[in-house]
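One file, final38.txt, carrying compact mmCIF, C-alpha atoms:
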```
# COMPACT_ATOMS: atom_id res chain seq x y z
CA MET A 12 90.13 79.46 124.02
CA LEU A 13 89.10 81.81 121.22
CA THR A 14 85.77 81.36 119.50
CA ALA A 15 85.45 81.69 115.73
CA ALA A 16 83.50 84.94 116.28
CA ARG A 17 86.28 86.46 118.44
CA ILE A 18 88.88 85.43 115.89
CA LYS A 19 86.88 87.18 113.15
CA HIS A 20 86.58 90.27 115.33
CA TYR A 21 90.33 90.43 115.94
CA GLN A 22 91.11 89.68 112.29
CA GLU A 23 89.12 92.78 111.37
CA GLN A 24 90.99 94.84 113.97
CA VAL A 25 94.36 93.66 112.64
CA ALA A 26 93.31 94.31 109.03
CA GLN A 27 92.26 97.83 110.01
CA CYS A 28 95.69 98.51 111.56
CA LEU A 29 97.28 97.53 108.26
CA ASP A 30 94.78 99.57 106.23
CA GLN A 31 95.65 102.64 108.27
CA LYS A 32 99.32 102.16 107.43
CA GLY A 33 98.69 101.59 103.72
CA ILE A 34 99.77 97.93 103.87
CA ILE A 35 97.56 96.05 101.45
CA LEU A 36 96.44 92.42 101.80
CA THR A 37 94.50 90.33 99.32
CA PRO A 38 90.93 89.40 100.37
CA GLU A 39 92.15 85.83 101.00
CA GLU A 40 94.99 87.04 103.23
CA ARG A 41 92.55 89.19 105.22
CA MET A 42 90.38 86.15 105.88
CA ASN A 43 93.35 84.08 106.99
CA ILE A 44 95.10 86.45 109.39
CA GLU A 45 96.47 84.28 112.19
CA ILE A 46 95.18 85.38 115.58
CA ALA A 47 97.77 83.95 117.96
CA ASP A 48 96.64 84.01 121.58
CA PHE A 49 99.02 81.23 122.64
CA GLY A 50 96.16 79.54 124.45
CA LEU A 51 96.38 82.12 127.24
CA GLY A 52 92.88 83.47 126.70
CA GLU A 53 93.82 87.15 126.89
CA PHE A 54 94.60 88.05 123.28
CA GLU A 55 94.56 91.80 123.85
CA VAL A 56 97.27 91.45 126.52
CA GLN A 57 99.37 88.54 125.24
CA GLY A 58 98.94 87.83 121.56
CA LEU A 59 99.54 89.15 118.06
CA GLY A 60 98.20 89.06 114.52
CA ILE A 61 100.37 87.33 111.90
CA ILE A 62 100.24 87.39 108.11
CA THR A 63 102.67 84.90 106.58
CA TYR A 64 103.49 86.06 103.05
CA ILE A 65 105.89 83.24 102.21
CA ASN A 66 107.59 80.42 104.08
CA THR A 67 109.97 78.26 102.03
CA SER A 68 112.61 75.75 103.12
CA VAL A 69 115.07 78.68 103.08
CA TYR A 70 113.36 81.99 103.85
CA CYS A 71 110.20 83.38 105.37
CA ALA A 72 108.47 86.77 105.49
CA LYS A 73 105.62 87.83 107.75
CA GLU A 74 103.84 90.94 108.90
CA LEU A 75 103.35 91.00 112.68
CA VAL A 76 100.63 93.28 114.04
CA LEU A 77 100.43 94.24 117.71
CA LEU A 78 97.52 96.16 119.17
CA SER A 79 98.12 98.92 121.73
CA GLY A 80 100.39 97.58 124.49
CA GLN A 81 100.04 93.99 123.28
CA THR A 82 102.87 91.55 124.09
CA CYS A 83 104.28 88.53 122.27
CA PRO A 84 105.35 86.15 125.05
CA GLN A 85 108.97 85.14 125.62
CA HIS A 86 110.19 82.32 123.39
CA ARG A 87 113.12 81.05 121.34
CA HIS A 88 113.54 79.19 118.07
CA PRO A 89 115.67 76.08 118.75
CA SER A 90 117.73 73.99 116.36
CA ILE A 91 115.70 71.26 114.66
CA ASP A 92 117.29 68.03 113.44
CA GLY A 93 120.71 69.63 113.58
CA LYS A 94 119.61 72.64 111.51
CA SER A 95 120.14 76.04 113.11
CA GLY A 96 117.01 77.61 114.60
CA LYS A 97 115.19 80.50 112.96
CA MET A 98 117.13 83.76 112.72
CA GLU A 99 114.83 86.73 112.30
CA THR A 100 115.05 90.41 111.47
CA PHE A 101 112.32 92.61 112.94
CA ARG A 102 111.78 95.83 111.01
CA CYS A 103 109.45 98.29 112.69
CA ARG A 104 107.08 99.77 110.09
CA SER A 105 104.87 101.77 112.43
CA GLY A 106 104.44 102.44 116.14
CA ILE A 107 107.09 101.68 118.74
CA VAL A 108 108.36 98.20 119.57
CA TYR A 109 109.99 97.35 122.89
CA LEU A 110 112.09 94.26 122.24
CA TYR A 111 113.79 92.20 124.97
CA LEU A 112 116.57 89.67 124.50
CA GLU A 113 118.93 87.53 126.53
CA GLY A 114 122.00 89.45 127.69
CA ASN A 115 122.69 92.32 130.07
CA ALA A 116 119.37 93.35 131.55
CA SER A 117 118.59 97.04 131.15
CA SER A 118 118.39 98.80 134.52
CA ARG A 119 114.85 99.97 133.83
CA ILE A 120 112.62 98.70 131.04
CA GLN A 121 109.88 100.65 129.30
CA ALA A 122 107.45 97.77 128.68
CA LEU A 123 105.02 96.51 131.29
CA VAL A 124 105.43 92.79 131.94
CA PRO A 125 101.97 91.16 131.64
CA ALA A 126 100.74 90.76 135.23
CA SER A 127 99.19 87.35 134.63
CA SER A 128 102.48 85.77 133.51
CA LYS A 129 105.22 87.70 135.33
CA SER A 130 107.42 84.68 136.04
CA SER A 131 107.46 83.73 132.34
CA TYR A 132 109.40 86.87 131.40
CA THR A 133 113.06 86.46 132.32
CA VAL A 134 115.14 88.38 129.73
CA PHE A 135 115.36 92.15 129.85
CA GLN A 136 118.04 93.49 127.51
CA GLU A 137 116.00 96.28 125.93
CA PHE A 138 116.02 97.45 122.31
CA VAL A 139 113.58 100.14 121.22
CA LEU A 140 112.59 100.10 117.55
CA ARG A 141 110.96 103.11 115.93
CA PRO A 142 109.64 103.13 112.35
CA GLY A 143 112.44 102.28 109.93
CA GLU A 144 114.59 100.70 112.64
CA GLN A 145 115.33 96.99 112.77
CA TYR A 146 117.08 94.35 114.82
CA THR A 147 118.22 90.83 113.96
CA ILE A 148 117.62 88.18 116.62
CA PRO A 149 120.11 85.28 116.54
CA PRO A 150 118.78 81.70 116.48
CA ASP A 151 117.87 80.02 119.77
CA THR A 152 117.84 83.29 121.73
CA PHE A 153 115.04 84.05 124.18
CA HIS A 154 113.10 87.19 123.25
CA TRP A 155 109.76 88.88 123.77
CA PHE A 156 108.31 92.16 122.55
CA GLN A 157 105.58 94.65 123.25
CA ALA A 158 103.97 97.48 121.28
CA GLY A 159 103.73 101.05 122.52
CA PRO A 160 100.37 102.77 123.00
CA GLU A 161 99.71 103.16 119.24
CA GLY A 162 100.23 99.46 118.50
CA ALA A 163 102.87 98.41 115.99
CA VAL A 164 103.46 96.77 112.64
CA ILE A 165 106.65 94.74 112.23
CA SER A 166 107.93 93.20 109.01
CA GLU A 167 109.70 89.98 109.91
CA PHE A 168 112.33 88.65 107.50
CA SER A 169 113.79 85.30 108.54
CA SER A 170 115.00 81.83 107.81
CA THR A 171 112.34 79.10 107.65
CA SER A 172 109.58 79.37 110.24
CA GLN A 173 108.47 76.24 112.12
CA ASP A 174 106.31 77.74 114.83
CA GLU A 175 105.32 74.36 116.22
CA TYR A 176 108.88 73.91 117.57
CA ASP A 177 109.05 77.29 119.35
CA VAL A 178 110.06 77.01 122.99
CA PHE A 179 108.08 79.24 125.37
CA VAL A 180 108.85 79.88 129.03
CA ASP A 181 105.20 79.86 130.07
CA PRO A 182 104.11 76.19 130.50
CA GLY A 183 100.51 77.26 129.84
CA ILE A 184 101.24 78.23 126.24
CA VAL A 185 99.82 76.34 123.28
CA ARG A 186 101.43 77.81 120.14
CA ILE A 187 99.14 76.37 117.50
CA PRO A 188 95.69 77.97 117.91
CA GLN A 189 92.73 75.94 118.99
CA ILE A 190 89.24 77.18 118.20
CA ALA A 191 86.35 76.71 120.63
CA GLU A 192 82.88 75.58 119.60
CA GLU A 193 80.52 78.58 119.71
CA MET B 16 127.92 106.37 83.71
CA LEU B 17 126.07 108.09 86.54
CA THR B 18 127.62 111.07 88.27
CA ALA B 19 127.44 111.43 92.04
CA ALA B 20 125.03 114.37 91.54
CA ARG B 21 122.65 112.26 89.38
CA ILE B 22 122.77 109.46 91.93
CA LYS B 23 121.81 111.92 94.67
CA HIS B 24 118.98 113.26 92.52
CA TYR B 25 117.58 109.78 91.90
CA GLN B 26 118.04 108.76 95.54
CA GLU B 27 115.80 111.67 96.49
CA GLN B 28 113.22 110.63 93.91
CA VAL B 29 113.20 107.04 95.22
CA ALA B 30 112.97 108.22 98.83
CA GLN B 31 110.00 110.41 97.88
CA CYS B 32 108.19 107.41 96.32
CA LEU B 33 108.59 105.56 99.61
CA ASP B 34 107.54 108.59 101.67
CA GLN B 35 104.33 108.81 99.65
CA LYS B 36 103.56 105.18 100.46
CA GLY B 37 104.34 105.57 104.17
CA ILE B 38 107.41 103.31 103.98
CA ILE B 39 109.94 104.73 106.40
CA LEU B 40 113.72 104.57 106.03
CA THR B 41 116.37 105.66 108.50
CA PRO B 42 118.43 108.73 107.45
CA GLU B 43 121.38 106.38 106.80
CA GLU B 44 119.28 104.13 104.56
CA ARG B 45 118.06 107.17 102.60
CA MET B 46 121.65 108.21 101.92
CA ASN B 47 122.58 104.71 100.78
CA ILE B 48 119.74 103.88 98.38
CA GLU B 49 121.32 101.90 95.56
CA ILE B 50 120.68 103.53 92.20
CA ALA B 51 121.14 100.62 89.77
CA ASP B 52 121.45 101.75 86.14
CA PHE B 53 123.25 98.58 85.06
CA GLY B 54 125.81 100.72 83.24
CA LEU B 55 123.27 101.41 80.48
CA GLY B 56 123.17 105.15 81.06
CA GLU B 57 119.39 105.52 80.88
CA PHE B 58 118.31 105.03 84.49
CA GLU B 59 114.78 106.35 83.97
CA VAL B 60 114.18 103.70 81.28
CA GLN B 61 116.23 100.74 82.52
CA GLY B 62 117.06 100.87 86.21
CA LEU B 63 115.65 100.70 89.70
CA GLY B 64 116.22 101.89 93.25
CA ILE B 65 117.13 99.26 95.85
CA ILE B 66 117.13 99.35 99.64
CA THR B 67 118.69 96.21 101.14
CA TYR B 68 117.32 95.80 104.65
CA ILE B 69 119.18 92.59 105.46
CA ASN B 70 121.27 90.05 103.55
CA THR B 71 122.51 87.06 105.56
CA SER B 72 123.99 83.75 104.43
CA VAL B 73 120.40 82.42 104.47
CA TYR B 74 117.84 85.14 103.75
CA CYS B 75 117.58 88.60 102.27
CA ALA B 76 114.98 91.37 102.19
CA LYS B 77 114.92 94.44 99.98
CA GLU B 78 112.58 97.19 98.87
CA LEU B 79 112.66 97.69 95.09
CA VAL B 80 111.42 101.03 93.76
CA LEU B 81 110.56 101.58 90.11
CA LEU B 82 109.73 104.98 88.68
CA SER B 83 106.91 105.37 86.15
CA GLY B 84 107.38 102.80 83.35
CA GLN B 85 110.89 101.91 84.52
CA THR B 86 112.23 98.44 83.69
CA CYS B 87 114.61 96.08 85.46
CA PRO B 88 116.48 94.29 82.65
CA GLN B 89 116.20 90.54 82.04
CA HIS B 90 118.45 88.44 84.24
CA ARG B 91 118.68 85.23 86.25
CA HIS B 92 120.31 84.18 89.51
CA PRO B 93 122.51 81.14 88.79
CA SER B 94 123.81 78.47 91.15
CA ILE B 95 127.09 79.46 92.82
CA ASP B 96 129.61 76.86 94.01
CA GLY B 97 126.93 74.17 93.84
CA LYS B 98 124.49 76.20 95.97
CA SER B 99 121.09 76.85 94.40
CA GLY B 100 120.65 80.35 92.94
CA LYS B 101 118.57 83.02 94.61
CA MET B 102 114.85 82.29 94.89
CA GLU B 103 112.82 85.46 95.34
CA THR B 104 109.29 86.47 96.21
CA PHE B 105 108.11 89.79 94.77
CA ARG B 106 105.29 91.36 96.75
CA CYS B 107 103.74 94.41 95.10
CA ARG B 108 103.17 97.11 97.74
CA SER B 109 102.00 99.88 95.42
CA GLY B 110 101.50 100.54 91.71
CA ILE B 111 101.30 97.80 89.10
CA VAL B 112 104.15 95.45 88.24
CA TYR B 113 104.38 93.67 84.90
CA LEU B 114 106.59 90.65 85.50
CA TYR B 115 107.92 88.37 82.73
CA LEU B 116 109.38 84.90 83.15
CA GLU B 117 110.59 81.98 81.11
CA GLY B 118 107.74 79.74 79.97
CA ASN B 119 104.80 80.08 77.59
CA ALA B 120 104.93 83.57 76.15
CA SER B 121 101.70 85.54 76.60
CA SER B 122 100.07 86.33 73.24
CA ARG B 123 100.18 90.06 73.96
CA ILE B 124 102.15 91.72 76.73
CA GLN B 125 101.26 94.94 78.50
CA ALA B 126 104.78 96.25 79.13
CA LEU B 127 106.77 98.15 76.52
CA VAL B 128 110.14 96.51 75.83
CA PRO B 129 112.85 99.22 76.12
CA ALA B 130 113.62 100.28 72.54
CA SER B 131 117.36 100.56 73.10
CA SER B 132 117.72 96.93 74.22
CA LYS B 133 114.97 95.02 72.38
CA SER B 134 117.08 91.95 71.64
CA SER B 135 117.99 91.55 75.32
CA TYR B 136 114.40 90.77 76.29
CA THR B 137 113.53 87.20 75.34
CA VAL B 138 111.04 85.85 77.93
CA PHE B 139 107.41 86.92 77.85
CA GLN B 140 105.29 84.83 80.19
CA GLU B 141 103.34 87.69 81.80
CA PHE B 142 102.25 88.01 85.43
CA VAL B 143 100.55 91.21 86.56
CA LEU B 144 100.94 92.10 90.23
CA ARG B 145 98.67 94.64 91.88
CA PRO B 146 99.14 95.85 95.48
CA GLY B 147 99.00 92.90 97.88
CA GLU B 148 99.75 90.37 95.13
CA GLN B 149 102.98 88.42 94.97
CA TYR B 150 104.86 85.90 92.88
CA THR B 151 107.81 83.65 93.70
CA ILE B 152 110.49 83.34 91.01
CA PRO B 153 112.38 80.03 91.06
CA PRO B 154 116.21 80.07 91.09
CA ASP B 155 118.08 80.39 87.79
CA THR B 156 114.99 81.54 85.86
CA PHE B 157 115.19 84.46 83.44
CA HIS B 158 112.89 87.33 84.41
CA TRP B 159 112.41 91.05 83.94
CA PHE B 160 109.84 93.51 85.18
CA GLN B 161 108.39 96.93 84.52
CA ALA B 162 106.29 99.37 86.55
CA GLY B 163 103.00 100.79 85.33
CA PRO B 164 102.52 104.56 84.90
CA GLU B 165 102.40 105.27 88.66
CA GLY B 166 105.71 103.53 89.37
CA ALA B 167 105.82 100.66 91.84
CA VAL B 168 107.20 99.54 95.18
CA ILE B 169 108.04 95.83 95.54
CA SER B 170 109.07 94.08 98.75
CA GLU B 171 111.51 91.34 97.79
CA PHE B 172 111.88 88.39 100.18
CA SER B 173 114.54 85.91 99.10
CA SER B 174 117.40 83.59 99.80
CA THR B 175 120.88 85.18 99.94
CA SER B 176 121.54 87.89 97.37
CA GLN B 177 124.84 87.90 95.47
CA ASP B 178 124.14 90.47 92.78
CA GLU B 179 127.63 90.27 91.36
CA TYR B 180 126.86 86.79 90.00
CA ASP B 181 123.59 87.78 88.24
CA VAL B 182 123.50 86.77 84.58
CA PHE B 183 122.06 89.40 82.24
CA VAL B 184 121.17 88.92 78.58
CA ASP B 185 122.42 92.36 77.56
CA PRO B 186 126.21 92.15 77.13
CA GLY B 187 126.44 95.90 77.80
CA ILE B 188 125.30 95.51 81.41
CA VAL B 189 127.58 96.19 84.37
CA ARG B 190 125.67 95.15 87.50
CA ILE B 191 127.82 96.80 90.15
CA PRO B 192 127.46 100.58 89.76
CA GLN B 193 130.37 102.71 88.67
CA ILE B 194 130.38 106.39 89.50
CA ALA B 195 131.78 108.97 87.08
CA GLU B 196 134.04 111.84 88.10
CA GLU B 197 132.01 115.06 88.07
```
Could I get this structure in the form of structure tokens?
Amino acid sequence: MLTAARIKHYQEQVAQCLDQKGIILTPEERMNIEIADFGLGEFEVQGLGIITYINTSVYCAKELVLLSGQTCPQHRHPSIDGKSGKMETFRCRSGIVYLYLEGNASSRIQALVPASSKSSYTVFQEFVLRPGEQYTIPPDTFHWFQAGPEGAVISEFSSTSQDEYDVFVDPGIVRIPQIAEE
Amino acid sequence: MLTAARIKHYQEQVAQCLDQKGIILTPEERMNIEIADFGLGEFEVQGLGIITYINTSVYCAKELVLLSGQTCPQHRHPSIDGKSGKMETFRCRSGIVYLYLEGNASSRIQALVPASSKSSYTVFQEFVLRPGEQYTIPPDTFHWFQAGPEGAVISEFSSTSQDEYDVFVDPGIVRIPQIAEE
């Protein structure tokens, strides 16, 4: 579980990535960067930084920040109360993003599946996004993604986000962060 | 009416603004930047450049680019077939944006109302957005906005965009661009 001090450390790292790319946050946004480690305790391997700009009952916009080689674990956004799950458009702003979806597995993938959770990665249709490139992920579709060596910044445009309903493959995942006592 | 050559010229200017801010477009997006002059024939005064990244039946995301002092004329997004009009979040990425909405008029505003269309600007509740700041405009609410001297880049996150239904105050406005023969 992350401590408050580790969260602060990673928030600064994420903010620096954005600074380097000229993406400006307010002081309040910088203090509230979400450090998602999914309860796996290895943020630098499986995790990402999230800034939610707006999340209404219709649309949502976030900045997703991945450190070098960092992976967001495989998950899908299911229907909730009969309403279609979240559809999301990933637009790569910097770095390279290796994105994997359900469908025909690519014969060889460029990402490295995190060794600690190999069995929780099961979809391998590869899309490579370079800066300016984007891909729209349909609702309720398993996907995971990893940054190249430089890390990556992704603008996410989507329908409403309800992270607490996300379905992960890895049974060890806790989506909503818990903070340890120091 | 804009000629194809003027459109190309302005597309290059808009693309340069984005280049300077490190916002990357694909070659295809660069060629398709929308140069909206609203049929008023004075793009540098009343107009803006628009890149639509995605527009689904639920959400939409655009980059709006304003040259120095350029103004987007007053308009609102009405309900269509009983569906609520477009709600939109403007996030200032660079420059300063002077945004005006219905409501209590500010005693003194910082923007200069375009001289050629003074009577078509009737709402003066001022919001000033600096980089990293954002404001969400409710559906069906009159608004207009102007860039400061450096120009401005705005990320717009919104519900579905149906520009052809926008309601402008200025009766001379034609929202969907027409291109003149050379």
What would chain A look like once superposed on chain B, with the fit done by least squares over all C-alpha atoms paired in order? Give it as a tab-separated table (two decimals) with C-alpha atoms, in the frame of the given file.
```
chain	number	residue	atom	x	y	z
A	12	MET	CA	127.90	106.36	83.71
A	13	LEU	CA	126.05	108.10	86.54
A	14	THR	CA	127.61	111.06	88.28
A	15	ALA	CA	127.43	111.44	92.05
A	16	ALA	CA	125.03	114.38	91.55
A	17	ARG	CA	122.64	112.29	89.38
A	18	ILE	CA	122.76	109.47	91.91
A	19	LYS	CA	121.80	111.92	94.68
A	20	HIS	CA	118.98	113.26	92.53
A	21	TYR	CA	117.56	109.79	91.90
A	22	GLN	CA	118.03	108.77	95.53
A	23	GLU	CA	115.79	111.68	96.50
A	24	GLN	CA	113.20	110.63	93.91
A	25	VAL	CA	113.19	107.05	95.20
A	26	ALA	CA	112.95	108.22	98.83
A	27	GLN	CA	109.99	110.41	97.89
A	28	CYS	CA	108.18	107.42	96.32
A	29	LEU	CA	108.59	105.56	99.60
A	30	ASP	CA	107.53	108.58	101.67
A	31	GLN	CA	104.33	108.82	99.65
A	32	LYS	CA	103.55	105.19	100.47
A	33	GLY	CA	104.33	105.56	104.17
A	34	ILE	CA	107.41	103.31	103.98
A	35	ILE	CA	109.94	104.74	106.40
A	36	LEU	CA	113.73	104.57	106.02
A	37	THR	CA	116.37	105.67	108.49
A	38	PRO	CA	118.44	108.73	107.45
A	39	GLU	CA	121.39	106.39	106.78
A	40	GLU	CA	119.28	104.14	104.54
A	41	ARG	CA	118.06	107.18	102.59
A	42	MET	CA	121.65	108.21	101.91
A	43	ASN	CA	122.59	104.73	100.76
A	44	ILE	CA	119.75	103.90	98.38
A	45	GLU	CA	121.31	101.90	95.55
A	46	ILE	CA	120.69	103.52	92.18
A	47	ALA	CA	121.14	100.62	89.77
A	48	ASP	CA	121.44	101.74	86.15
A	49	PHE	CA	123.25	98.57	85.05
A	50	GLY	CA	125.79	100.71	83.24
A	51	LEU	CA	123.27	101.40	80.48
A	52	GLY	CA	123.18	105.15	81.05
A	53	GLU	CA	119.40	105.50	80.89
A	54	PHE	CA	118.31	105.04	84.51
A	55	GLU	CA	114.79	106.34	83.97
A	56	VAL	CA	114.19	103.70	81.28
A	57	GLN	CA	116.23	100.73	82.52
A	58	GLY	CA	117.07	100.86	86.20
A	59	LEU	CA	115.65	100.71	89.71
A	60	GLY	CA	116.21	101.90	93.25
A	61	ILE	CA	117.13	99.25	95.84
A	62	ILE	CA	117.14	99.36	99.63
A	63	THR	CA	118.68	96.22	101.12
A	64	TYR	CA	117.34	95.81	104.66
A	65	ILE	CA	119.19	92.59	105.46
A	66	ASN	CA	121.26	90.06	103.55
A	67	THR	CA	122.51	87.07	105.56
A	68	SER	CA	123.98	83.75	104.43
A	69	VAL	CA	120.39	82.42	104.48
A	70	TYR	CA	117.84	85.15	103.76
A	71	CYS	CA	117.59	88.61	102.27
A	72	ALA	CA	114.98	91.38	102.20
A	73	LYS	CA	114.92	94.44	99.96
A	74	GLU	CA	112.58	97.17	98.86
A	75	LEU	CA	112.66	97.69	95.08
A	76	VAL	CA	111.42	101.03	93.76
A	77	LEU	CA	110.56	101.58	90.10
A	78	LEU	CA	109.72	104.98	88.68
A	79	SER	CA	106.90	105.36	86.14
A	80	GLY	CA	107.38	102.80	83.35
A	81	GLN	CA	110.89	101.91	84.53
A	82	THR	CA	112.23	98.43	83.68
A	83	CYS	CA	114.61	96.07	85.46
A	84	PRO	CA	116.47	94.29	82.65
A	85	GLN	CA	116.20	90.55	82.05
A	86	HIS	CA	118.46	88.43	84.24
A	87	ARG	CA	118.68	85.22	86.26
A	88	HIS	CA	120.32	84.17	89.51
A	89	PRO	CA	122.52	81.13	88.79
A	90	SER	CA	123.81	78.46	91.14
A	91	ILE	CA	127.08	79.44	92.83
A	92	ASP	CA	129.60	76.84	94.00
A	93	GLY	CA	126.94	74.16	93.86
A	94	LYS	CA	124.49	76.19	95.97
A	95	SER	CA	121.10	76.85	94.40
A	96	GLY	CA	120.66	80.34	92.94
A	97	LYS	CA	118.56	83.01	94.62
A	98	MET	CA	114.84	82.28	94.88
A	99	GLU	CA	112.82	85.44	95.35
A	100	THR	CA	109.29	86.46	96.21
A	101	PHE	CA	108.13	89.79	94.78
A	102	ARG	CA	105.29	91.36	96.75
A	103	CYS	CA	103.75	94.40	95.10
A	104	ARG	CA	103.17	97.11	97.73
A	105	SER	CA	102.01	99.88	95.43
A	106	GLY	CA	101.50	100.55	91.73
A	107	ILE	CA	101.31	97.82	89.10
A	108	VAL	CA	104.15	95.46	88.23
A	109	TYR	CA	104.38	93.67	84.89
A	110	LEU	CA	106.58	90.65	85.50
A	111	TYR	CA	107.93	88.38	82.74
A	112	LEU	CA	109.38	84.90	83.16
A	113	GLU	CA	110.59	81.98	81.10
A	114	GLY	CA	107.74	79.75	79.94
A	115	ASN	CA	104.79	80.09	77.58
A	116	ALA	CA	104.92	83.57	76.13
A	117	SER	CA	101.71	85.54	76.58
A	118	SER	CA	100.10	86.36	73.22
A	119	ARG	CA	100.20	90.08	73.95
A	120	ILE	CA	102.16	91.72	76.74
A	121	GLN	CA	101.26	94.94	78.52
A	122	ALA	CA	104.79	96.26	79.12
A	123	LEU	CA	106.78	98.14	76.52
A	124	VAL	CA	110.14	96.51	75.83
A	125	PRO	CA	112.84	99.22	76.13
A	126	ALA	CA	113.61	100.28	72.55
A	127	SER	CA	117.34	100.58	73.12
A	128	SER	CA	117.73	96.94	74.21
A	129	LYS	CA	114.98	95.03	72.39
A	130	SER	CA	117.08	91.95	71.63
A	131	SER	CA	117.99	91.56	75.32
A	132	TYR	CA	114.38	90.78	76.28
A	133	THR	CA	113.53	87.20	75.34
A	134	VAL	CA	111.04	85.87	77.93
A	135	PHE	CA	107.42	86.93	77.85
A	136	GLN	CA	105.27	84.83	80.18
A	137	GLU	CA	103.34	87.68	81.80
A	138	PHE	CA	102.26	88.02	85.44
A	139	VAL	CA	100.55	91.21	86.57
A	140	LEU	CA	100.95	92.10	90.24
A	141	ARG	CA	98.68	94.63	91.90
A	142	PRO	CA	99.13	95.85	95.49
A	143	GLY	CA	99.00	92.90	97.88
A	144	GLU	CA	99.75	90.37	95.15
A	145	GLN	CA	102.99	88.43	94.97
A	146	TYR	CA	104.87	85.91	92.89
A	147	THR	CA	107.81	83.64	93.71
A	148	ILE	CA	110.49	83.34	91.02
A	149	PRO	CA	112.38	80.02	91.06
A	150	PRO	CA	116.20	80.07	91.09
A	151	ASP	CA	118.07	80.39	87.79
A	152	THR	CA	114.98	81.54	85.86
A	153	PHE	CA	115.19	84.45	83.44
A	154	HIS	CA	112.89	87.33	84.41
A	155	TRP	CA	112.42	91.04	83.93
A	156	PHE	CA	109.83	93.50	85.19
A	157	GLN	CA	108.40	96.92	84.53
A	158	ALA	CA	106.29	99.37	86.54
A	159	GLY	CA	103.00	100.81	85.34
A	160	PRO	CA	102.51	104.55	84.90
A	161	GLU	CA	102.39	105.27	88.66
A	162	GLY	CA	105.71	103.53	89.36
A	163	ALA	CA	105.83	100.67	91.85
A	164	VAL	CA	107.20	99.53	95.18
A	165	ILE	CA	108.04	95.84	95.55
A	166	SER	CA	109.08	94.08	98.74
A	167	GLU	CA	111.51	91.34	97.80
A	168	PHE	CA	111.89	88.40	100.18
A	169	SER	CA	114.55	85.90	99.10
A	170	SER	CA	117.41	83.59	99.79
A	171	THR	CA	120.88	85.17	99.94
A	172	SER	CA	121.54	87.89	97.37
A	173	GLN	CA	124.84	87.90	95.46
A	174	ASP	CA	124.14	90.46	92.78
A	175	GLU	CA	127.64	90.27	91.36
A	176	TYR	CA	126.86	86.78	89.99
A	177	ASP	CA	123.61	87.77	88.24
A	178	VAL	CA	123.51	86.76	84.59
A	179	PHE	CA	122.05	89.40	82.24
A	180	VAL	CA	121.17	88.92	78.59
A	181	ASP	CA	122.41	92.36	77.57
A	182	PRO	CA	126.23	92.16	77.11
A	183	GLY	CA	126.43	95.90	77.80
A	184	ILE	CA	125.30	95.51	81.41
A	185	VAL	CA	127.58	96.18	84.36
A	186	ARG	CA	125.68	95.13	87.50
A	187	ILE	CA	127.82	96.78	90.14
A	188	PRO	CA	127.47	100.57	89.77
A	189	GLN	CA	130.37	102.68	88.69
A	190	ILE	CA	130.39	106.38	89.51
A	191	ALA	CA	131.79	108.96	87.10
A	192	GLU	CA	134.03	111.84	88.14
A	193	GLU	CA	131.99	115.07	88.07
```
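Distances to chain A were evaluated for B:Ser94, B:Ser121, B:Gln161, B:Gln35 using all atoms listed in the file, and the minimum falls at B:Gln35.
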Residues of chain B within 10 Å of chain A, all atoms listed in the file counted, as a VMD selection string: chain B and resid 36 to 42 44 68 to 77 102 to 104 106 to 109 145 to 151 170 to 175
Computed interatomic separation between CA of Glu113 (chain A) and CA of Thr133 (chain A) (Å): 8.3 Å
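Rounded to one decimal, CA of Ile61 (chain A) and CA of Ala163 (chain A) lie 12.1 Å from each other.
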Which of A:His20, A:Gly96, A:Ser131, A:Leu123 sits closest to Ile184 (chain A) [using only C-alpha atoms]: A:Ser131
Exercise: residues within 6 Å of coordinate (107.3, 93.4, 117.5), counting only C-alpha atoms, as a list in words: Val108, Phe156 and Ile165 of chain A
Output file for the selection above: C-alpha atoms, as an mmCIF file, in the coordinates of the input:
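Saved file again_25.cif follows:
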```cif
data_model
loop_
_atom_site.group_PDB
_atom_site.id
_atom_site.type_symbol
_atom_site.label_atom_id
_atom_site.label_comp_id
_atom_site.auth_asym_id
_atom_site.auth_seq_id
_atom_site.Cartn_x
_atom_site.Cartn_y
_atom_site.Cartn_z
ATOM 1 C CA VAL A 108 108.360 98.200 119.570
ATOM 2 C CA PHE A 156 108.310 92.160 122.550
ATOM 3 C CA ILE A 165 106.650 94.740 112.230
#
```
Closest of B:Arg190, B:Leu82, B:Ala195, B:Asn119 to Asp52 (chain B) - atom-to-atom distances counting all atoms listed in the file: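 The shortest atom-to-atom distance to Asp52 (chain B) comes from B:Arg190.
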9 Å contact set for Ile120 (chain A), all atoms listed in the file, chain neighbours under 5 positions out, as a PyMOL selection string: chain A and resi 109+111+135-137
Coordinates-based distance that separates CA of Met46 (chain B) from CA of His92 (chain B) (Å, one decimal):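 If I compute the distance from CA of His92 (chain B) to CA of Met46 (chain B), I get 27.1 Å.
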Residues near Asp177 (chain A), cut-off 7 Å, all atoms listed in the file, skip fewer than 4 positions along chain, as JSON, numbers by chain: {"A": [86, 87, 88, 89]}
Residue with smallest distance to Ile111 (chain B) - pool B:Leu55, B:Leu63, B:Ala130, B:Leu144, counting only C-alpha atoms: B:Leu144
